[in-house]
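Note: the block below is upload33.txt and it holds compact mmCIF, C-alpha atoms and all ligand atoms.
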# COMPACT_ATOMS: atom_id res chain seq x y z
CA MET A 30 78.23 57.16 75.89
CA HIS A 31 76.24 60.36 76.05
CA GLU A 32 76.82 63.58 74.27
CA ILE A 33 76.82 66.91 76.00
CA HIS A 34 73.87 68.93 74.89
CA ASP A 35 73.82 71.43 77.69
CA ALA A 36 73.67 74.69 75.78
CA GLU A 37 74.25 76.71 78.92
CA ILE A 38 77.54 74.95 79.60
CA LEU A 39 78.64 75.27 76.01
CA LYS A 40 77.71 78.94 75.98
CA HIS A 41 79.98 79.83 78.82
CA LYS A 42 82.56 77.09 78.87
CA ALA A 43 84.33 76.30 75.64
CA ALA A 44 87.31 74.54 77.25
CA ALA A 45 87.59 71.98 80.01
CA GLY A 46 89.88 74.12 82.18
CA PRO A 47 88.93 76.53 84.95
CA SER A 48 87.03 79.71 84.12
CA LEU A 49 88.73 83.00 84.83
CA GLY A 50 86.70 86.19 85.00
CA ILE A 51 88.44 89.47 84.30
CA ILE A 52 86.95 92.78 85.41
CA GLY A 53 87.89 95.26 82.70
CA GLY A 54 88.68 94.71 79.04
CA GLY A 55 91.75 96.80 78.23
CA GLN A 56 95.17 95.71 77.01
CA LEU A 57 96.19 94.30 80.39
CA ALA A 58 93.11 92.07 80.39
CA ARG A 59 93.83 91.14 76.76
CA MET A 60 97.38 89.97 77.48
CA THR A 61 96.24 88.18 80.66
CA ALA A 62 93.50 86.47 78.65
CA MET A 63 96.05 85.27 76.09
CA SER A 64 98.03 83.53 78.83
CA ALA A 65 94.91 82.07 80.42
CA LEU A 66 93.68 80.73 77.08
CA GLN A 67 97.10 79.14 76.55
CA LEU A 68 96.62 77.28 79.83
CA GLY A 69 93.26 75.93 78.68
CA CYS A 70 91.10 78.31 80.69
CA ASN A 71 87.82 79.84 79.71
CA VAL A 72 88.08 83.59 79.94
CA VAL A 73 85.05 85.75 80.63
CA VAL A 74 85.56 89.50 80.38
CA LEU A 75 83.27 92.17 81.84
CA GLU A 76 83.52 95.57 80.19
CA SER A 77 81.02 98.18 79.03
CA ASN A 78 82.58 98.36 75.55
CA PRO A 79 81.67 95.16 73.62
CA PHE A 80 84.68 95.69 71.33
CA SER A 81 87.27 96.25 74.06
CA PRO A 82 90.77 94.77 73.50
CA ALA A 83 90.01 91.76 75.73
CA ALA A 84 86.33 91.27 74.89
CA THR A 85 87.17 90.53 71.27
CA LEU A 86 89.46 87.71 72.38
CA ALA A 87 87.66 86.18 75.36
CA THR A 88 85.82 82.88 75.34
CA HIS A 89 82.78 84.89 76.29
CA SER A 90 82.27 88.52 77.14
CA LEU A 91 79.73 90.35 79.25
CA VAL A 92 78.80 93.90 78.41
CA GLY A 93 78.19 95.78 81.62
CA ASP A 94 79.30 98.44 84.05
CA TRP A 95 81.72 96.99 86.61
CA SER A 96 81.15 99.90 88.95
CA THR A 97 77.75 98.37 89.81
CA ILE A 98 77.08 95.09 91.60
CA ASP A 99 74.69 93.28 89.23
CA PRO A 100 77.12 92.85 86.30
CA LEU A 101 79.81 91.77 88.79
CA LEU A 102 77.49 89.13 90.25
CA ASP A 103 76.65 87.99 86.74
CA LEU A 104 80.35 87.55 86.00
CA ALA A 105 80.98 85.84 89.33
CA GLY A 106 78.22 83.34 88.62
CA GLN A 107 79.98 82.18 85.46
CA VAL A 108 83.58 81.74 86.62
CA ASP A 109 85.71 79.96 89.20
CA VAL A 110 88.03 82.88 89.98
CA ILE A 111 87.70 86.61 89.38
CA THR A 112 90.67 88.87 88.78
CA LEU A 113 91.05 92.46 87.61
CA GLU A 114 93.11 94.61 85.32
CA ASN A 115 92.80 97.93 87.13
CA GLU A 116 92.73 99.34 90.64
CA PHE A 117 89.50 101.28 90.14
CA VAL A 118 87.06 98.45 90.87
CA ASP A 119 85.44 99.43 94.13
CA ALA A 120 86.82 97.35 97.01
CA GLY A 121 83.38 97.38 98.68
CA LEU A 122 81.82 95.74 95.64
CA LEU A 123 84.57 93.11 95.58
CA HIS A 124 83.86 92.47 99.26
CA SER A 125 80.19 91.87 98.40
CA LEU A 126 81.30 89.23 95.88
CA GLU A 127 83.46 87.57 98.52
CA LEU A 128 80.59 87.59 101.03
CA ALA A 129 78.45 85.87 98.39
CA GLY A 130 81.07 83.08 98.28
CA HIS A 131 83.00 84.07 95.16
CA THR A 132 86.78 83.93 94.85
CA VAL A 133 88.47 87.21 93.98
CA TRP A 134 92.25 87.63 93.58
CA PRO A 135 93.67 90.05 94.51
CA ASN A 136 91.05 90.27 97.25
CA SER A 137 89.00 93.22 98.48
CA ARG A 138 91.28 93.87 101.44
CA THR A 139 94.29 94.33 99.17
CA LEU A 140 92.30 96.61 96.86
CA ALA A 141 91.05 98.68 99.80
CA LEU A 142 94.66 99.26 100.86
CA ILE A 143 95.77 100.25 97.37
CA GLN A 144 93.01 102.09 95.50
CA ASP A 145 93.23 105.20 97.62
CA LYS A 146 96.84 106.25 96.93
CA PHE A 147 97.11 108.12 100.23
CA THR A 148 95.98 105.05 102.21
CA GLN A 149 98.36 102.95 100.11
CA LYS A 150 101.33 105.12 100.96
CA GLN A 151 100.41 105.20 104.66
CA THR A 152 100.29 101.38 104.55
CA LEU A 153 103.74 101.25 102.95
CA GLN A 154 105.17 103.74 105.46
CA ALA A 155 103.77 101.65 108.32
CA ALA A 156 105.60 98.65 106.83
CA GLY A 157 108.85 100.63 106.96
CA LEU A 158 108.95 101.42 103.24
CA PRO A 159 109.45 105.14 102.74
CA GLY A 160 108.17 107.22 99.85
CA PRO A 161 108.23 110.98 99.24
CA GLU A 162 106.86 112.99 102.20
CA MET A 163 103.12 113.58 101.81
CA ARG A 164 100.09 115.21 103.39
CA ALA A 165 96.35 114.84 102.92
CA THR A 166 94.92 118.14 101.67
CA ASP A 167 91.22 118.57 102.34
CA ASP A 168 91.28 122.24 101.39
CA LEU A 169 93.52 124.88 99.84
CA ALA A 170 94.73 126.04 103.27
CA GLU A 171 96.07 122.55 104.00
CA LEU A 172 97.76 122.49 100.60
CA SER A 173 99.42 125.84 101.27
CA ALA A 174 100.52 124.66 104.73
CA ALA A 175 102.10 121.52 103.22
CA ILE A 176 103.89 123.61 100.59
CA ALA A 177 105.19 125.92 103.31
CA GLU A 178 106.61 122.83 105.02
CA PHE A 179 108.00 120.98 101.97
CA GLY A 180 108.94 123.92 99.75
CA LEU A 181 108.32 123.90 95.99
CA PRO A 182 108.08 121.99 93.74
CA VAL A 183 105.45 119.51 94.93
CA VAL A 184 103.18 117.05 93.14
CA LEU A 185 99.46 117.33 93.86
CA LYS A 186 97.68 114.02 93.27
CA ALA A 187 94.14 112.66 93.14
CA ARG A 188 93.73 109.95 95.78
CA ARG A 189 91.68 107.73 93.45
CA ASN A 190 91.09 106.89 89.80
CA ALA A 191 94.35 108.32 88.50
CA TYR A 192 96.40 106.74 85.72
CA ASP A 193 98.99 107.80 83.17
CA GLY A 194 99.58 110.96 85.18
CA LYS A 195 95.98 112.10 84.62
CA GLY A 196 95.43 112.72 88.34
CA ASN A 197 98.74 114.53 88.90
CA ALA A 198 99.76 118.19 88.76
CA THR A 199 103.25 119.43 89.49
CA ILE A 200 103.25 122.79 91.28
CA ARG A 201 106.44 124.76 90.68
CA THR A 202 105.41 128.28 91.69
CA GLU A 203 103.00 129.84 94.20
CA ALA A 204 100.95 131.09 91.25
CA GLU A 205 100.21 127.51 90.15
CA ILE A 206 98.69 126.36 93.45
CA GLU A 207 95.12 127.33 92.80
CA SER A 208 95.04 126.25 89.15
CA ALA A 209 96.45 122.82 90.09
CA TRP A 210 93.82 122.51 92.83
CA ARG A 211 91.06 123.28 90.32
CA GLN A 212 92.58 121.13 87.57
CA LEU A 213 92.34 118.05 89.81
CA GLY A 214 88.85 118.93 91.05
CA GLY A 215 89.82 119.91 94.59
CA HIS A 216 87.26 122.73 94.49
CA ALA A 217 84.55 120.17 93.62
CA GLY A 218 85.42 117.87 96.53
CA ASN A 219 87.68 115.38 94.68
CA PRO A 220 89.96 114.02 97.44
CA LEU A 221 93.59 115.07 96.85
CA TYR A 222 96.91 114.79 98.61
CA VAL A 223 100.29 116.39 98.05
CA GLU A 224 103.78 114.90 97.82
CA GLN A 225 107.20 116.39 98.03
CA PHE A 226 108.80 116.43 94.57
CA CYS A 227 111.41 113.66 94.41
CA PRO A 228 114.51 114.67 92.40
CA PHE A 229 115.17 111.09 91.33
CA VAL A 230 118.12 110.05 89.21
CA THR A 231 116.11 107.25 87.69
CA GLU A 232 112.82 105.43 88.12
CA LEU A 233 112.93 101.71 88.80
CA ALA A 234 110.16 99.14 88.69
CA VAL A 235 109.81 95.52 89.69
CA ILE A 236 107.03 93.05 88.97
CA VAL A 237 106.43 90.61 91.79
CA THR A 238 104.04 87.71 91.48
CA ARG A 239 102.74 86.32 94.75
CA GLY A 240 100.87 83.03 94.87
CA ARG A 241 97.87 82.14 97.02
CA ASP A 242 100.25 80.26 99.31
CA GLY A 243 102.57 83.27 99.72
CA GLU A 244 105.24 81.98 97.31
CA THR A 245 106.80 84.93 95.46
CA ALA A 246 108.46 85.21 92.07
CA ILE A 247 110.42 88.42 91.55
CA TYR A 248 111.24 89.74 88.08
CA PRO A 249 114.44 91.65 87.24
CA VAL A 250 114.66 95.31 88.29
CA VAL A 251 113.98 97.55 85.30
CA GLU A 252 114.47 101.22 84.55
CA THR A 253 111.38 103.11 83.39
CA VAL A 254 111.38 106.40 81.51
CA GLN A 255 108.19 108.48 81.59
CA ARG A 256 107.24 111.30 79.21
CA ASN A 257 104.47 113.61 80.42
CA HIS A 258 103.95 111.24 83.37
CA ILE A 259 103.27 108.34 80.95
CA CYS A 260 105.56 105.35 80.65
CA HIS A 261 107.54 105.73 77.43
CA LEU A 262 110.30 103.15 77.62
CA VAL A 263 111.47 100.29 79.83
CA ARG A 264 115.04 98.98 79.99
CA ALA A 265 115.54 95.49 81.37
CA PRO A 266 117.57 94.92 83.39
CA ALA A 267 118.21 98.35 84.94
CA MET A 268 121.83 99.47 84.67
CA VAL A 269 122.33 99.88 88.41
CA ALA A 270 124.79 98.34 90.85
CA SER A 271 123.77 94.86 91.97
CA GLU A 272 123.48 96.13 95.54
CA ILE A 273 120.86 98.67 94.41
CA ALA A 274 119.03 96.10 92.30
CA GLY A 275 118.96 93.78 95.30
CA ARG A 276 117.50 96.48 97.55
CA ALA A 277 114.90 97.42 94.92
CA ALA A 278 113.82 93.79 94.58
CA GLU A 279 113.58 93.40 98.35
CA THR A 280 111.64 96.67 98.66
CA ALA A 281 109.18 95.46 96.03
CA ARG A 282 108.73 92.13 97.77
CA ARG A 283 108.06 93.78 101.12
CA ALA A 284 105.66 96.27 99.52
CA ILE A 285 103.45 93.64 98.00
CA GLU A 286 103.53 91.53 101.18
CA ALA A 287 102.38 94.61 103.12
CA VAL A 288 99.13 94.56 101.16
CA GLY A 289 98.66 90.76 101.10
CA ALA A 290 98.97 90.61 97.32
CA VAL A 291 97.97 87.63 95.20
CA GLY A 292 98.83 87.86 91.51
CA SER A 293 101.34 89.93 89.55
CA PHE A 294 101.85 93.41 90.97
CA GLY A 295 103.92 96.34 89.71
CA VAL A 296 106.01 98.34 92.16
CA GLU A 297 107.25 101.75 90.98
CA MET A 298 110.24 103.27 92.77
CA PHE A 299 112.45 106.36 92.70
CA LEU A 300 116.23 106.01 93.02
CA THR A 301 117.79 109.16 94.49
CA ASP A 302 121.34 110.40 93.96
CA SER A 303 122.25 109.26 97.47
CA GLY A 304 121.24 105.70 96.52
CA GLU A 305 118.00 105.77 98.51
CA ILE A 306 115.04 103.82 97.12
CA LEU A 307 111.61 105.40 97.66
CA VAL A 308 108.40 103.64 96.70
CA ASN A 309 106.31 105.72 94.30
CA GLU A 310 103.30 103.45 94.03
CA LEU A 311 101.97 99.93 93.73
CA ALA A 312 99.66 98.57 91.07
CA PRO A 313 97.52 95.58 92.15
CA ARG A 314 97.71 94.11 88.68
CA VAL A 315 100.02 93.32 85.79
CA HIS A 316 101.93 96.45 84.86
CA ASN A 317 103.26 98.27 81.82
CA SER A 318 106.82 97.95 83.13
CA GLY A 319 106.45 94.16 82.82
CA HIS A 320 105.36 93.88 79.19
CA TYR A 321 108.93 93.01 78.23
CA THR A 322 108.52 89.73 80.18
CA ILE A 323 106.36 88.28 77.36
CA GLU A 324 109.41 87.78 75.14
CA ALA A 325 112.28 88.28 77.56
CA CYS A 326 111.47 85.98 80.50
CA VAL A 327 110.91 82.26 80.86
CA CYS A 328 107.40 82.92 82.20
CA SER A 329 105.70 86.28 81.58
CA GLN A 330 104.05 88.47 84.22
CA PHE A 331 100.71 87.58 82.57
CA GLU A 332 101.17 83.83 82.74
CA ASN A 333 102.44 84.08 86.31
CA HIS A 334 99.42 86.19 87.21
CA VAL A 335 97.10 83.51 85.88
CA ARG A 336 99.08 80.81 87.66
CA ALA A 337 98.97 82.77 90.94
CA VAL A 338 95.25 83.46 90.99
CA LEU A 339 94.42 79.86 90.02
CA GLY A 340 96.71 78.45 92.71
CA LEU A 341 99.15 76.89 90.21
CA PRO A 342 102.95 76.79 90.71
CA LEU A 343 104.73 79.98 89.63
CA GLY A 344 107.10 80.01 86.68
CA SER A 345 110.66 81.28 86.39
CA THR A 346 111.17 85.04 86.08
CA ARG A 347 114.64 84.62 84.57
CA MET A 348 115.49 86.60 81.44
CA ILE A 349 116.36 84.55 78.36
CA ALA A 350 118.41 87.34 76.75
CA PRO A 351 121.01 89.73 78.22
CA ALA A 352 118.81 92.79 77.58
CA ALA A 353 115.34 93.83 76.51
CA VAL A 354 113.75 97.21 75.79
CA MET A 355 110.04 97.96 75.54
CA VAL A 356 108.66 101.13 73.94
CA ASN A 357 105.00 102.12 74.26
CA LEU A 358 103.03 103.06 71.15
CA LEU A 359 100.88 106.04 72.07
CA GLY A 360 98.17 107.69 70.01
CA ALA A 361 98.87 111.23 68.81
CA THR A 362 95.38 112.40 67.84
CA HIS A 363 91.77 111.64 68.63
CA ALA A 364 90.70 109.73 65.52
CA PRO A 365 89.79 106.24 64.29
CA ALA A 366 92.91 104.12 64.68
CA GLU A 367 94.32 103.55 61.23
CA ILE A 368 97.63 101.81 61.63
CA THR A 369 100.46 102.81 59.35
CA GLY A 370 104.07 101.66 59.40
CA LEU A 371 103.53 98.07 60.50
CA HIS A 372 105.45 96.69 57.51
CA GLU A 373 108.46 98.87 58.31
CA ALA A 374 108.31 97.99 62.01
CA LEU A 375 108.24 94.28 61.34
CA ALA A 376 111.21 94.65 59.00
CA VAL A 377 113.34 95.61 62.01
CA PRO A 378 115.07 92.38 63.05
CA GLY A 379 114.06 91.24 66.52
CA ALA A 380 111.22 93.73 67.00
CA HIS A 381 108.07 92.22 68.52
CA VAL A 382 105.06 94.39 67.80
CA HIS A 383 101.97 94.21 70.01
CA LEU A 384 98.82 96.06 68.91
CA TYR A 385 95.91 96.23 71.31
CA GLY A 386 93.11 96.34 68.74
CA LYS A 387 91.63 99.64 69.91
CA ALA A 388 89.25 101.14 67.36
CA MET A 389 89.93 104.72 68.42
CA SER A 390 93.25 106.46 68.92
CA GLY A 391 93.57 109.28 71.43
CA VAL A 392 96.27 111.71 72.51
CA GLY A 393 98.62 109.71 74.76
CA ARG A 394 96.37 106.63 74.58
CA LYS A 395 98.24 103.33 74.88
CA MET A 396 97.64 101.62 71.51
CA GLY A 397 100.38 98.99 71.58
CA HIS A 398 104.02 98.39 72.40
CA VAL A 399 107.22 97.06 70.86
CA THR A 400 109.74 94.86 72.62
CA ALA A 401 113.20 93.98 71.32
CA LEU A 402 115.74 91.65 72.89
CA GLY A 403 119.45 92.17 72.44
CA GLU A 404 122.96 91.31 73.51
CA SER A 405 123.10 94.79 75.06
CA LEU A 406 120.58 97.45 76.13
CA THR A 407 121.89 99.72 73.38
CA GLU A 408 121.21 97.11 70.70
CA ALA A 409 117.74 96.36 72.07
CA GLU A 410 116.88 100.04 72.42
CA ILE A 411 117.86 100.87 68.85
CA ALA A 412 115.71 98.02 67.51
CA ALA A 413 112.70 98.82 69.73
CA THR A 414 112.72 102.57 69.09
CA THR A 415 113.37 102.20 65.35
CA ALA A 416 110.36 99.90 65.03
CA ALA A 417 108.17 101.99 67.34
CA GLU A 418 108.89 105.22 65.48
CA THR A 419 107.54 103.81 62.23
CA ILE A 420 104.07 103.10 63.63
CA THR A 421 101.30 105.71 63.81
CA PHE A 422 97.60 105.32 64.50
CA ALA A 423 95.87 107.99 62.49
CA ASN A 424 96.19 109.55 59.09
CA ILE A 425 96.94 113.19 59.57
CA LEU A 426 94.50 114.87 57.19
N1 LIG A 501 106.65 112.90 94.05
C1 LIG A 501 107.12 112.89 92.81
N2 LIG A 501 108.28 113.46 92.50
C2 LIG A 501 108.77 113.47 91.23
N3 LIG A 501 108.13 112.90 90.19
C3 LIG A 501 106.95 112.30 90.43
C4 LIG A 501 106.38 112.26 91.74
N4 LIG A 501 105.22 111.58 91.67
C5 LIG A 501 105.07 111.22 90.37
N5 LIG A 501 106.10 111.65 89.62
C6 LIG A 501 106.31 111.42 88.17
O1 LIG A 501 105.05 111.22 87.52
C7 LIG A 501 104.94 109.87 87.05
C8 LIG A 501 103.52 109.37 87.21
O2 LIG A 501 103.17 109.48 88.58
P1 LIG A 501 102.27 108.39 89.31
O3 LIG A 501 102.93 107.08 89.22
O4 LIG A 501 101.90 108.90 90.65
O5 LIG A 501 100.98 108.52 88.40
P2 LIG A 501 99.97 107.54 87.75
O6 LIG A 501 98.90 108.40 87.20
O7 LIG A 501 99.59 106.48 88.67
O8 LIG A 501 100.79 107.01 86.56
P3 LIG A 501 100.94 105.57 85.93
O9 LIG A 501 99.56 105.10 85.64
O10 LIG A 501 101.70 105.88 84.68
O11 LIG A 501 101.69 104.76 86.89
C9 LIG A 501 105.96 109.09 87.87
O12 LIG A 501 106.33 107.90 87.22
C10 LIG A 501 107.07 110.12 87.95
O13 LIG A 501 107.78 110.23 86.74
MG MG A 502 102.73 105.41 88.36

Exercise: express the given structure as structure tokens:
Amino acid sequence: MHEIHDAEILKHKAAAGPSLGIIGGGQLARMTAMSALQLGCNVVVLESNPFSPAATLATHSLVGDWSTIDPLLDLAGQVDVITLENEFVDAGLLHSLELAGHTVWPNSRTLALIQDKFTQKQTLQAAGLPGPEMRATDDLAELSAAIAEFGLPVVLKARRNAYDGKGNATIRTEAEIESAWRQLGGHAGNPLYVEQFCPFVTELAVIVTRGRDGETAIYPVVETVQRNHICHLVRAPAMVASEIAGRAAETARRAIEAVGAVGSFGVEMFLTDSGEILVNELAPRVHNSGHYTIEACVCSQFENHVRAVLGLPLGSTRMIAPAAVMVNLLGATHAPAEITGLHEALAVPGAHVHLYGKAMSGVGRKMGHVTALGESLTEAEIAATTAAETITFANIL
């Protein structure tokens, strides 16, 4: 019998299971880490903020800038598999990790196809999956030419690094063209493109998990409601005809196959009044529209993500209740996050409150979410919104 005294092993490996490295430490990494820990993994998080939502939970956390190679190599040296929680990690850096022999899922090729939204949409079009008409706009003249072709309104979008609508500007009148261009940094060389405005009747989303062997697990089609371009509420399942739900699920499956996905991916879609399904965008990661799966499905998007990237069998995506509704908890002011209303929220029967542990609140910042299951969407929505409305993140002085 000998005891293990290897301090290095103990430092980085608390459990006997595989080590999963997560690039990024936000709430998506936090919920992924929870599932990985449940499966006996060691979780190592790389994030510049030592108190990020996932860093405070991980087996071990590295404080560093994941937009540079050295911290990424440091992470890679400590784990068996690397995954990510956002699409902003440079695909070239991920490729360098792969060339050095490290395993990254989703891989650099998938990220390269997705992280530039214009390239992503060209890839989807080439796979026969239409989205709103779009044009690259390298200068204001090209933007004006596209608007002359499409008519107004249009949505001008940053090609990279956009989230929660922060890289989007809707142009409704000629007078707004130049201000939108400046708002998104077009004048400073930030690459932009423009899309035709899609007058959707509803927005749909589907989480698909794809394993390393190509096996796919498709979650129910949900309806998403955005406020100010930020996801506000998710209804699962979407109240659409089964034929439409079937086409949305198939569209999502084809979209993630087109980019060679491995892991849980979110596919956002527009449903038009003629019943057409257009792909809005893909996320190469677990997605806000799939948070409901934690309570409402046999196996959550987070657990299935961990299973997929580790090469384990995928779990069932079946819902265990007739309906579920998720409501995001957004910050209202820039201030230290002092939570009020938790007692009242937890007094709502069936409300599951998730708080992300962020020290600072911000306007529109995702601070947590509430999910409620129900016999009907109406029942679930009343419970989820009643609980969500009681919670705030800053004392208004
Ligand atoms: N072409 C369009 N026509 C109509 N509405 C649009 C269009 N593009 C985007 N939107 C609206 O803006 C929302 C956010 O857009 P998009 O998904 O491109 O941004 P994002 O910054 O990646 O947001 P998120 O991180 O929330 O997914 C969409 O969910 C939709 O409500
Ligand atoms: Mg989106």

Step by step, measure atom-to-atom distances between ligand MG 502 (chain A) and each residue using all atoms listed in the file, keep those at most 12 Å, then write them as a PDB file with C-alpha atoms, in the coordinates of the input.
ATOM      1  CA  GLU A 116      92.730  99.340  90.640  1.00  0.00           C
ATOM      2  CA  LYS A 146      96.840 106.250  96.930  1.00  0.00           C
ATOM      3  CA  LYS A 186      97.680 114.020  93.270  1.00  0.00           C
ATOM      4  CA  ASN A 190      91.090 106.890  89.800  1.00  0.00           C
ATOM      5  CA  ALA A 191      94.350 108.320  88.500  1.00  0.00           C
ATOM      6  CA  TYR A 192      96.400 106.740  85.720  1.00  0.00           C
ATOM      7  CA  ASP A 193      98.990 107.800  83.170  1.00  0.00           C
ATOM      8  CA  GLY A 194      99.580 110.960  85.180  1.00  0.00           C
ATOM      9  CA  LYS A 195      95.980 112.100  84.620  1.00  0.00           C
ATOM     10  CA  GLY A 196      95.430 112.720  88.340  1.00  0.00           C
ATOM     11  CA  ASN A 197      98.740 114.530  88.900  1.00  0.00           C
ATOM     12  CA  GLU A 232     112.820 105.430  88.120  1.00  0.00           C
ATOM     13  CA  LEU A 233     112.930 101.710  88.800  1.00  0.00           C
ATOM     14  CA  ALA A 234     110.160  99.140  88.690  1.00  0.00           C
ATOM     15  CA  THR A 253     111.380 103.110  83.390  1.00  0.00           C
ATOM     16  CA  VAL A 254     111.380 106.400  81.510  1.00  0.00           C
ATOM     17  CA  GLN A 255     108.190 108.480  81.590  1.00  0.00           C
ATOM     18  CA  ARG A 256     107.240 111.300  79.210  1.00  0.00           C
ATOM     19  CA  ASN A 257     104.470 113.610  80.420  1.00  0.00           C
ATOM     20  CA  HIS A 258     103.950 111.240  83.370  1.00  0.00           C
ATOM     21  CA  ILE A 259     103.270 108.340  80.950  1.00  0.00           C
ATOM     22  CA  CYS A 260     105.560 105.350  80.650  1.00  0.00           C
ATOM     23  CA  HIS A 261     107.540 105.730  77.430  1.00  0.00           C
ATOM     24  CA  GLY A 295     103.920  96.340  89.710  1.00  0.00           C
ATOM     25  CA  VAL A 296     106.010  98.340  92.160  1.00  0.00           C
ATOM     26  CA  GLU A 297     107.250 101.750  90.980  1.00  0.00           C
ATOM     27  CA  MET A 298     110.240 103.270  92.770  1.00  0.00           C
ATOM     28  CA  PHE A 299     112.450 106.360  92.700  1.00  0.00           C
ATOM     29  CA  VAL A 308     108.400 103.640  96.700  1.00  0.00           C
ATOM     30  CA  ASN A 309     106.310 105.720  94.300  1.00  0.00           C
ATOM     31  CA  GLU A 310     103.300 103.450  94.030  1.00  0.00           C
ATOM     32  CA  LEU A 311     101.970  99.930  93.730  1.00  0.00           C
ATOM     33  CA  ALA A 312      99.660  98.570  91.070  1.00  0.00           C
ATOM     34  CA  PRO A 313      97.520  95.580  92.150  1.00  0.00           C
ATOM     35  CA  HIS A 316     101.930  96.450  84.860  1.00  0.00           C
ATOM     36  CA  ASN A 317     103.260  98.270  81.820  1.00  0.00           C
ATOM     37  CA  SER A 318     106.820  97.950  83.130  1.00  0.00           C
TER      38      SER A 318
END

Can you pull out every residue within 6 Å of range 48-57 of chain A, counting all atoms listed in the file, but drop anything in the same chain fewer than 2 positions away, and send it as a CSV table (one decimal) with C-alpha atoms, in the frame of the given file?
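And here's around12.csv as it stands now:
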chain,number,residue,atom,x,y,z
A,59,ARG,CA,93.8,91.1,76.8
A,60,MET,CA,97.4,90.0,77.5
A,70,CYS,CA,91.1,78.3,80.7
A,71,ASN,CA,87.8,79.8,79.7
A,72,VAL,CA,88.1,83.6,79.9
A,73,VAL,CA,85.0,85.8,80.6
A,74,VAL,CA,85.6,89.5,80.4
A,75,LEU,CA,83.3,92.2,81.8
A,76,GLU,CA,83.5,95.6,80.2
A,81,SER,CA,87.3,96.2,74.1
A,82,PRO,CA,90.8,94.8,73.5
A,83,ALA,CA,90.0,91.8,75.7
A,84,ALA,CA,86.3,91.3,74.9
A,108,VAL,CA,83.6,81.7,86.6
A,109,ASP,CA,85.7,80.0,89.2
A,110,VAL,CA,88.0,82.9,90.0
A,111,ILE,CA,87.7,86.6,89.4
A,112,THR,CA,90.7,88.9,88.8
A,113,LEU,CA,91.0,92.5,87.6
A,114,GLU,CA,93.1,94.6,85.3
A,385,TYR,CA,95.9,96.2,71.3

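Considering all atoms listed in the file, the residue among A:Thr369, A:Thr322, A:Thr199, A:Ser208 positioned nearest to Tyr248 in chain A is A:Thr322.
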
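The shortest atom-to-atom distance to Ser64 in chain A, with only C-alpha atoms taken into account, belongs to A:Ile323 out of A:Leu140, A:Ile323, A:Leu122, A:Ala175.
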
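Remark: for ligand LIG 501 (chain A), the closest of the candidate residues A:Ala325, A:Ala267, A:Ile143, A:Val250 is A:Ile143 (distances computed over only C-alpha atoms and all ligand atoms).
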
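Taking CA of Ala277 in chain A and CA of Ile306 in chain A as the two end points, the separation is 6.8 Å.
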
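The residue that comes closest to ligand LIG 501 (chain A), out of A:Thr238, A:Asn115, A:Thr346, A:Gln225 and on the basis of only C-alpha atoms and all ligand atoms, is A:Gln225.
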
To box ligand LIG 501 (chain A), take all atoms listed in the file, fit an axis-aligned box, add 6 Å on each side, and give centre and edge lengths in Å to one decimal, as lines of an AutoDock Vina configuration file.
center_x = 103.8
center_y = 109.1
center_z = 89.4
size_x = 21.9
size_y = 20.7
size_z = 21.4
